[in-house]
Structure formats: structure tokens, C-alpha cells
Amino acid sequence: MTGLAGFAVRQWQFTLVVFAMLAAVGVNAFLTIPRAEDPTFPTPIFTVVAVLPGADPLDMEKLVADPLEDALDSLDNVDKIVSTSSDGLTLVTVFFGWDSDPDRKYDEVVREVNAVRPTLPEGIARVDIKRNETSYTNIVQMALVSQTASGRELQKRADDLKDLLDRVPGVRETEVWGEDMPQVRISLDLGRMAALHLPATAVSDALKAEGLNLPLGSVHVSGRRFTVKATGDFSNLDEIGNTVVRAVEGRTIRVRDIATVAWAAEEQRHITAFDGKRAVFITANMKAGENIIPVRNQIRATAASFSASLPADITLERGFDQSENVEHRLSSLFRDFAIALGLVMLTLLPLGIRASLVVMLSIPLSLAVGLTLLQLFGYSLNQLSIAGFVLALGLLVDDSIVVTENIARHLRRGTTRVQAAISATSEITVAVVGCTAVLGFAFLPLLFLPEGAGKFIRSLPMAVLLTVAASLLVSLTIIPFLASRILARDAHEEGNAVLRFVMRGIHGLYRPVLHLALMRPVATTALAMAICAASLLLVPRIGFSLFPPAETPQFLIEVNLPDGASVDQTAAAVRFAEVEARATPHVIWTMTNAGHGNPRIYYNVNSRQDDPRHGAVFVSLDRWHPDQSPQDLDALRARLAAYPGAQMLVRVFENGPPVEAPVEIRILGPEIAMLKELADKATLIMEGTPGTRDVVNPVRLARTDLDLGVDVAKAAALGIPAGAVDRTVRLAFAGEQVADFTEANGDKFPILIRLPFGERHELDLLNQIYVPTTGGATPLASVTQPHFASGPARIDRYQRERMVALTAYTQTGYNTDKVTRAVLKNLQAMALPPGYSISIGGEAEARGKSFGGLGNAILIAVFGILAVLILEFRSFKASTVVAGVIPLGVVGGLLGLWLGGYTLSFTAIIGFIALIGIEIKNSILLVDFTTQLRRTGMPLREAIEQAGEIRFLPVLLTSATAVGGLLPLALERSGLYSPLALVIIGGLVTSTFLSRLVTPAMYLLLAPSDKAIAEQA
């Protein structure tokens, strides 16, 4: 290292060229690095969506969920499997370990689902496999709005825009939501069919056979080869109407004789609107590794060009644009960075203008190298990586301050500039390298934190590590060179006026207090440790949490109606919620969904699948107002509670891994009836616990079904094939796709057969339905005895066991951890039958998994730091003295959180880990210099006092720059990084002042002998 500084000073031309190159590369990296709102990372979570129209939850569980779970559970590294079965829909979500390769696991899931697909019921409409990748989050959600255009025209315009956006570089996938999908509808005339004793399946079978499009081979004529074609897809409505169904009493019965064939739209299952006006949504997400700003610019240009071609009655509204959130976050953090830079500059005034200039030049060089390496490792510029750079701002100048201050001190003693630069850097090199190594060990374990929380936070420690490592290189090369050229040779021997003022304060105040502390070292150390122990009493008052709200200027209103509600009823409730949302201050637009969740627009919130009882209102504010917005949303919740028969949840987006709700209680057991009974009791307990709101019990209301009461024996005697009754009724009421309709341009549309949509399906319609037999057809009523029966509205399963998951949110001002513990305590009074159990989910489960890895991280950090100290000091006693500073920072860290009103969150814990490294850096400077003075023969107590005074200034300056760099983050009032900043600021304040007394006192008590010091030289 000594040679490195000498080489950099003497070969200054080479040094300048190298660092000019690094600066240029850093500027290029800043211009080209991908920008995003939040970090993107691979997610090994997949959801299988299976749709079986007409099936109840019990059938979906038995026929669909069971075989899918069996297949997926056979895969390796499965963490858990969760499924939900409801009317005609099953969702099976498989969670793999976070150390899995998501691409490989996706291929395995596809393989297993394809293998089990043939065993699923014949009526399965679709089986989709969805990836829960964070990069699949939509970056735009636009709306085509029109009150007068036909549904088919809106759908066609939306498809045209989708095709244009698909061609934009950087766009991965676009989707259209809420459009009217055209179809050819065959509406059966049950009265006519009953008169002819025709089952509905006869029409379906005839159309399937006629519309079958299979290759029939080829023939050769006169040496030429011709492909043989038969009927194939239908190309006009007359072909469909003329299809022969059956000959009855010598008369040919065609489709047109017993049904109406016409164009129509599919039954609308997803009703969408923008600001209360009929609309179709278009979303687009971005490929991984792309820069959102240029992609956004091209999307806007494409949308503007498309908008100009629209007719007067159709408008294109921009709606949600994630890049606006990105620009707001980045501009806020860049502003904080500029403020921090100014504060750092102020703290350097004691060094003098020239020395401050030398130190300040290390900042852009270190950041340039750090940013280049960050891009090289595949990270983006997001809110966490920028917070890491702001955090590093207060740390990366530490090495440069120590080196520059030491060079300036040598110059004041009359050494030449070149010699001072080389000798002063050599004198401090070991301490500087040790300090940086300690700081590296403090942050390095954070790169390996488990679960999604670890991946989410990873770009922050990576930005710090790369930048601080770059600062070490800068401080030992370019700083000595700059100091040898810029620092004054004839400076005042006691420094500038600011430095003289600071040093007078150190000599006048610190020296006598230090002398007193050294007179009673045991009492000094014991008192400091007692203060540290007392500060731990703040932990229960502070409380724990995982991640805070994201404070984005958007939120969701989720609307849930009881079982049996139609899409139209859900749409009415959604309209009410939309009107109330519009009355909230600072709202600029709303997007409503009925029968479906809003498309995915936040990385950890998935869209709810087709569900006629569910709706969502996506609301955007002009910006998030930390003091006002939470109160506005509480007022909105109170207004929404007035709507009868619906539960409406106002949901703000939160950072961190996906959780269903902050508080989640799982009740597991075999019997649905008992689970419902236990869930009802637990719901009352949760609602009665202070701090809970919006308690959701998915099985609170039982559903009522019409059981056909099929007489299986009689059906067999009449020759009705197995499954024919179910198929016939499903065909009549739910419909069945029988063929495709192909237009001249190649567009295909489904042909659906069922009862007319315009008619209500009254109970007496069952008397008009015929089912096929071996000899013809028989009335459905001849083999059924319909009756009403109650059943579950949905069936949830956790790890292949039936479960009811009760969820709740916490009221404003309440801590989630405390509320969860209160709920669990109250639930202990509820007796559970054998075979039933309660487990915790939500934030508590996620926090347990995420914080579980922190234990290893802390152990690695502590032992890694101790190893560095042993290598540097070659003494357990000296290493113990250095490490003794750690508890002193805990006092200020906890006080900072308590005074700021924050909890011990994931980022706050990271702040404590980082604080360990920063504290020890300062302690190393004192102990290392004390050891150096003792090697010159100076007595122990005199060496301690002199080292304490001389090293007080660099320690004070490095701590002040760290505080100055972090102060804007603390004042930002961000729930994500303000706790981290407050922990480090508070810890540095208490550690800087307490350690100036405690560390010398501990060194006096545990000092290595003079002989040991001499042997280490």
C-alpha cells in the first residue's frame, strides 16, 4: 500500500489518465444504467389458474386442486403450496425456496401441469400458469374511453394499440382488459327442442363434428399432389344454421330450426371504466434490465400518434405511468443527495478550503466507480440503490478525510508536500485499510439475507460496498497526489481559524473530561454500559415491523360482495366506491373494475382473477402527503363502510415481500363445517382486539346451491351415459364452445352454444331440458329431484390441508406487531378440537423468515470484524477495546427511532448492522494511534491522552460528514430509509462522544503490555 501511494504521487500523469477514464466511464454509466421505481429480482412463485364453468367449490377442490397439488408437491425445493377453490375457478400457488432458479422451476411447473392436464375434467375451459415476477409489473395502464362507440369497435381499437405497443423496444408484454369479446352465439329454443325430444348435446355434437378442422391427407392426380380438405372452420352464419343436427321422423332438423344464430359479445365478466366513463384498459410491462425513461418516452410517442387517429367519440387517457413515480423518487433522492453534499462540505471547513477541495474531489470519483460497478453487476438505479449512494456519501469521504488530515498535519510540521503525501499516507494506510475492511464486513452479510426481503434490499448494501471500496482506492492514490499539489506548504502551524477554534474546544473541554475518566476507568466503563442496558427498555415501546408503506401516490379500493352476487351488483358497489374516492382530496383520476381485480401495477400486489363478487378501484393522487393522506384515507374508509352488503378495503401499497394482509391467522383442519365455526369465533375475537380494522372472514356466509338430486340408478336404467346429465346442464346454462368462426382476414372467433343470455334462468327451465339416452332422449326431470343445499363459498388449502385464512389491517397509529401479538393472546382462549390448529401468517410470518437470516448476518459481521481487528492489532485485548464501542451506538440508535416515531423495521435493523462498522472505524483510529505512540516509548497514560486529543478531530469530522450525508434522508420522513438514517445518526452522536471517554478507559484497563507492543512492531 505504501508503494501504491508513492507510485500515484510520482507517476502523476498515469494517475490522472486512469482516474479521468474512471470518471468518464462513471458518467456513461449514469446515463445508461436502468432506472426503475423499485428493485426487480427473480421470484420463484407461480400460480396455476384453472377454470371449469359451472363447478362448485367442492368439485373444484376434488377434481382440480387435488391433482394439481399432488403434481406440484412432487417437485424439489417446494416451500409451500396454497390453493383457493371457488365457483368454477381454482388457483394453486406454489412457493419455491428463494435459492431456486425461477426459470428452471417454471419449466418444471409447466411440465407437471401438462402431465396432469389429461386427467382433469373434460369441461376445463383453460389452464394458465402465471409467473409472479416483479418485472411483470405493468409500467403503464391506459384507457380507451367512449360512451357511444360499440363494444366491438373499442375492442378493435384496443387490439390495434396493443399491436403498436408490442413493437416498442423494451416492452415485454401488453394486455387488453375489459373489452367486449365478439363471438357467434347459438341460443337454444328449449321449447322446440323439447317438442322434438332433442337433447342440447345433440346440437353441440353436430356442430363439433361439422366444424372439426383436421388434415385429411393428400391425393395424387396426373403427377401432382393435392391436399384433401373437408368442411373445417365455419366462415359464415348460414353454414352454422344449415348444419344438420338429426333426422326426426323422416325430417331433417337443422340448427336454424331449433336455435338462433347471431353475432354477440361474450358475457361481460370484467366491467371497466375511467373516471366513471365506459372504457377499455391497455397495460404494458417492461423487459428486465431496461431503462424505464426511454421506454416510457417511446410508449408516449406511440400513444400520441395512435390517439391522433381516433374518431371524435373515442379518447385515449394516459392514466397510470410508473415513470412519474420513478422520476419523483429519483428527483427527491437527488435533491437529498445535493443537500447532503452541501452539509458534508460544511463539516470539512476545519480542514481548510484547499484540504476540503481535495476531500470533495474524492466524492465524484468514488461514486463514478461505484456506479459503474453497480451497472456491471446488473443492478438498476432505484430508490434503494440511490439511498445506498446517499448513505455512502457520509462514509466514502472518511478515508479521504483521515488521509488528508494526516498529510496536512505533516505539512504543518514543515515536511515537503511530496514527502508529506507519501509518508503521512504510509503512516495511516493500515488503519485506513482496516477501517474499510471493517465497514465491508458490516455490509457484506446483508447481500446474503434470505427470502424476498433480502433480494428487495440487496441493491442498497451493494451500492454502499462498491462505493466505499472505490473510496479506499481513491484515498490511497488520487488523494495523496492531489494533496501533494493543492495543499499549502506554508499553512499556519495550528491550521485555519475554524480548526483553531475546534482544537481550542477539544483542549479546553475534552482534555479535562478525558483526564477525569482515566482517573476512574472502571466507573466510566460501568456507567456507559449501564446506560446501554437501560436503553434496551425502549425496544418494547418502539415495537417491530417489516416494511413500511411505499408512499406512492396511488391506492386501491378492493370491493367484495357476498356469495351469489352478480357482476352488475358488484359494478353498482364499485361505482359507489368510485364516487366516494373522487370526493377525497388530491384525487386526479380513478380506474374501476367489476368482476376482476385491477391489472398488476405494483410489484408485490397480484391482480385478483375473474370473480363476479370482486371489484377494485384504482385511485391516483397528485402526490402522497405524509401528514394528510393517511387521515384522508381513514375518512374514506368511514364513508365506504356505509354501503350495505359489501366489504370495501382501502389498501395502500407497501414495500417488501408480498403478504395478503398485515395480520393473518390460519385455522387448519379437515372438516369445512368445523373450520367455519372456529373461523366465526376467531373473527369476533379479532374484531374485538383494539387496533384491528377490515377483518375479512372468507367463509362468514355460506352459499346456497341447487342440487339436482340425480337418481343415478334410474339414469343408468334409462341408458343415460355417465356424465351426460352434468354436461347437458352445463351446456345449457354455462355454455360450451363447439367450433371456431374464421373471417376472411384470418381472425378467429369462438362459437358458443347455450340458453339465450337475455332470459332469466328460472327453475322451471329444467323441465324443458332433455338428456341423451342410448335410444334418443329423455326429460331431465325424469331422473332428478332438485332441492336447495348449502355449501362453502370457497375452499382454501395450505400445504394440502383445508384452511380458513382470517385477515385484518391495522388502524392508523397502531403497530402491526403489537396488534398481532394481542390477537394471538386473545385467541389462546379459544378451544380447538383435535386435528385443528392455528398458525400465523401475514407480516409476522414474513418478518420471521426475513429476520431469521439476520442472525447469521450479524454473526458473520461480528466475527469478520473481530478477525480484521486481530489481524491489525494482533492482540485480543486491543481488539476487545475497539469492539467495546458497539453498545455505545445502540443507545443513540434506539433513541433516534423512538424520537422519530419509527419501529424496529427491516431497514432499521440494517442501520444497526451498518452502525457497527462505522463505530469501529472511528475506534480503530484511536487505538491504532495510541499503539503507535507507545511504540515510540511514550508512557501508557500520556499516549492515551495525546492520541485521544489528536484523533478527536478526524473522528469528529468523519462522524459529522456521515451525519450530514444522512440528515436529508432522516428528514425526508420516508418509512423506508428514514429509520435507517436515524439509527446511524443517533448511534454516531452517542458513540462519538461516549467512545471518546469509554474507549480510552477500556484501553487503560486492558492495554497490552509494553513488551507485547514492542513485539508487534
# chains A, B, ... in the order shown; residues from 1 in each chain; ligands from 1

$ residues_around --residues "segment 422-437 of chain A" --least-positions-apart "5" --cutoff "6 Å" --atoms "only C-alpha atoms" --output "PyMOL selection string"
chain A and resi 2+6+403+406-407+921

$ closest_atom_pairs --of "segment 80-157 of chain A" --to "segment 262-282 of chain A" --cutoff "10 Å" --atoms "only C-alpha atoms" --output "tab-separated table"
residue	atom	partner	partner_atom	distance
A:Asn138	CA	A:Ile282	CA	9.9
A:Val140	CA	A:Ile282	CA	8.0
A:Gln141	CA	A:Ile282	CA	5.7
A:Met142	CA	A:Ile282	CA	5.2
A:Ala143	CA	A:Phe281	CA	4.5
A:Leu144	CA	A:Val280	CA	5.2
A:Val145	CA	A:Ala279	CA	4.3
A:Ser146	CA	A:Arg278	CA	5.9
A:Gln147	CA	A:Arg278	CA	5.8
A:Thr148	CA	A:Arg278	CA	9.0
A:Ala149	CA	A:Arg278	CA	9.7
A:Gly151	CA	A:Ala265	CA	8.0
A:Arg152	CA	A:Ala265	CA	8.1
A:Leu154	CA	A:Val280	CA	7.1
A:Gln155	CA	A:Val280	CA	7.6
A:Arg157	CA	A:Val280	CA	9.6

$ closest_atom_pairs --of "segment 24-96 of chain A" --to "segment 321-326 of chain A" --cutoff "10 Å" --atoms "only C-alpha atoms" --output "Markdown table"
| residue | atom | partner | partner_atom | distance |
| --- | --- | --- | --- | --- |
| A:Arg35 | CA | A:Val326 | CA | 7.6 |
| A:Ala36 | CA | A:Val326 | CA | 6.0 |
| A:Glu37 | CA | A:Val326 | CA | 4.6 |
| A:Asp38 | CA | A:Val326 | CA | 8.3 |

$ residues_around --residues "Ala420 of chain A" --least-positions-apart "3" --cutoff "10 Å" --atoms "only C-alpha atoms" --output "list in words"
Asn406, Ile407, Ala408, Arg409, His410, Leu411, Arg412, Arg413, Gly414, Thr415, Thr416, Arg417, Ser423, Ala424, Thr425, Ser426, Pro480, Ala483, Ser484 and Arg489 of chain A

$ write_last_selection --atoms "C-alpha atoms" --output "tab-separated table (two decimals), in the first residue's frame"
chain	number	residue	atom	x	y	z
A	406	ASN	CA	-2.76	13.46	8.36
A	407	ILE	CA	-0.99	14.94	5.33
A	408	ALA	CA	-1.96	18.46	6.43
A	409	ARG	CA	-0.62	17.73	9.93
A	410	HIS	CA	2.71	16.61	8.47
A	411	LEU	CA	2.86	19.75	6.32
A	412	ARG	CA	2.29	21.93	9.37
A	413	ARG	CA	5.37	20.31	10.89
A	414	GLY	CA	7.47	21.53	7.93
A	415	THR	CA	7.63	18.41	5.71
A	416	THR	CA	7.68	18.96	1.93
A	417	ARG	CA	4.41	18.36	0.06
A	423	SER	CA	4.87	9.44	4.50
A	424	ALA	CA	1.55	10.56	6.00
A	425	THR	CA	-0.38	8.16	3.77
A	426	SER	CA	2.01	5.33	4.68
A	480	PRO	CA	-2.12	11.79	-1.93
A	483	ALA	CA	-2.72	16.79	-1.66
A	484	SER	CA	0.86	16.99	-2.91
A	489	ARG	CA	3.17	24.43	2.22

$ residues_around --residues "Thr570 of chain A" --least-positions-apart "3" --cutoff "12 Å" --atoms "only C-alpha atoms" --output "PyMOL selection string"
chain A and resi 269-272+558-567+573-577+592-597+611-617+643+645-648

$ residues_around --residues "Leu487 of chain A" --least-positions-apart "5" --cutoff "10 Å" --atoms "only C-alpha atoms" --output "list in words"
Gly352, Ile353, Arg354, Ala355, Ser356, Leu357, Val358, Thr404, Ile407, Ala408, Leu411, Arg417, Ala421 and Leu482 of chain A

$ write_last_selection --atoms "N, CA and C atoms" --output "PDB file, in the first residue's frame"
ATOM      1  N   GLY A 352      -9.821  23.397   6.119  1.00  0.00           N
ATOM      2  CA  GLY A 352      -9.389  24.472   5.235  1.00  0.00           C
ATOM      3  C   GLY A 352      -9.942  24.278   3.837  1.00  0.00           C
ATOM      4  N   ILE A 353      -9.930  25.353   3.060  1.00  0.00           N
ATOM      5  CA  ILE A 353     -10.523  25.319   1.723  1.00  0.00           C
ATOM      6  C   ILE A 353      -9.800  24.330   0.826  1.00  0.00           C
ATOM      7  N   ARG A 354      -8.484  24.389   0.829  1.00  0.00           N
ATOM      8  CA  ARG A 354      -7.727  23.508  -0.071  1.00  0.00           C
ATOM      9  C   ARG A 354      -7.904  22.038   0.316  1.00  0.00           C
ATOM     10  N   ALA A 355      -7.795  21.749   1.598  1.00  0.00           N
ATOM     11  CA  ALA A 355      -7.967  20.361   2.041  1.00  0.00           C
ATOM     12  C   ALA A 355      -9.395  19.880   1.782  1.00  0.00           C
ATOM     13  N   SER A 356     -10.369  20.759   1.978  1.00  0.00           N
ATOM     14  CA  SER A 356     -11.758  20.390   1.713  1.00  0.00           C
ATOM     15  C   SER A 356     -11.959  20.087   0.232  1.00  0.00           C
ATOM     16  N   LEU A 357     -11.303  20.863  -0.630  1.00  0.00           N
ATOM     17  CA  LEU A 357     -11.403  20.623  -2.070  1.00  0.00           C
ATOM     18  C   LEU A 357     -10.830  19.257  -2.422  1.00  0.00           C
ATOM     19  N   VAL A 358      -9.701  18.908  -1.816  1.00  0.00           N
ATOM     20  CA  VAL A 358      -9.105  17.589  -2.060  1.00  0.00           C
ATOM     21  C   VAL A 358     -10.072  16.483  -1.662  1.00  0.00           C
ATOM     22  N   THR A 404      -6.105  13.033   4.267  1.00  0.00           N
ATOM     23  CA  THR A 404      -5.830  14.456   4.040  1.00  0.00           C
ATOM     24  C   THR A 404      -5.458  15.165   5.339  1.00  0.00           C
ATOM     25  N   ILE A 407      -1.939  14.250   6.206  1.00  0.00           N
ATOM     26  CA  ILE A 407      -0.988  14.936   5.327  1.00  0.00           C
ATOM     27  C   ILE A 407      -0.854  16.399   5.746  1.00  0.00           C
ATOM     28  N   ALA A 408      -1.983  17.051   6.016  1.00  0.00           N
ATOM     29  CA  ALA A 408      -1.959  18.458   6.432  1.00  0.00           C
ATOM     30  C   ALA A 408      -1.186  18.615   7.746  1.00  0.00           C
ATOM     31  N   LEU A 411       2.431  18.515   6.958  1.00  0.00           N
ATOM     32  CA  LEU A 411       2.863  19.753   6.321  1.00  0.00           C
ATOM     33  C   LEU A 411       3.055  20.864   7.348  1.00  0.00           C
ATOM     34  N   ARG A 417       5.730  18.859   0.456  1.00  0.00           N
ATOM     35  CA  ARG A 417       4.408  18.355   0.064  1.00  0.00           C
ATOM     36  C   ARG A 417       4.475  16.910  -0.441  1.00  0.00           C
ATOM     37  N   ALA A 421       2.865  13.812   1.575  1.00  0.00           N
ATOM     38  CA  ALA A 421       1.816  12.988   0.976  1.00  0.00           C
ATOM     39  C   ALA A 421       2.142  11.511   1.084  1.00  0.00           C
ATOM     40  N   LEU A 482      -3.299  14.610  -5.211  1.00  0.00           N
ATOM     41  CA  LEU A 482      -3.930  15.928  -5.160  1.00  0.00           C
ATOM     42  C   LEU A 482      -3.410  16.741  -3.980  1.00  0.00           C
TER      43      LEU A 482
END

$ residues_around --residues "Lys287 of chain A" --least-positions-apart "2" --cutoff "6 Å" --atoms "only C-alpha atoms" --output "PDB file with C-alpha atoms, in the first residue's frame"
ATOM      1  CA  GLY A 170     -38.154  -2.637 -24.265  1.00  0.00           C
ATOM      2  CA  VAL A 171     -41.816  -3.631 -23.910  1.00  0.00           C
ATOM      3  CA  ARG A 172     -42.221  -7.252 -22.840  1.00  0.00           C
ATOM      4  CA  GLU A 290     -34.425  -1.847 -19.494  1.00  0.00           C
TER       5      GLU A 290
END
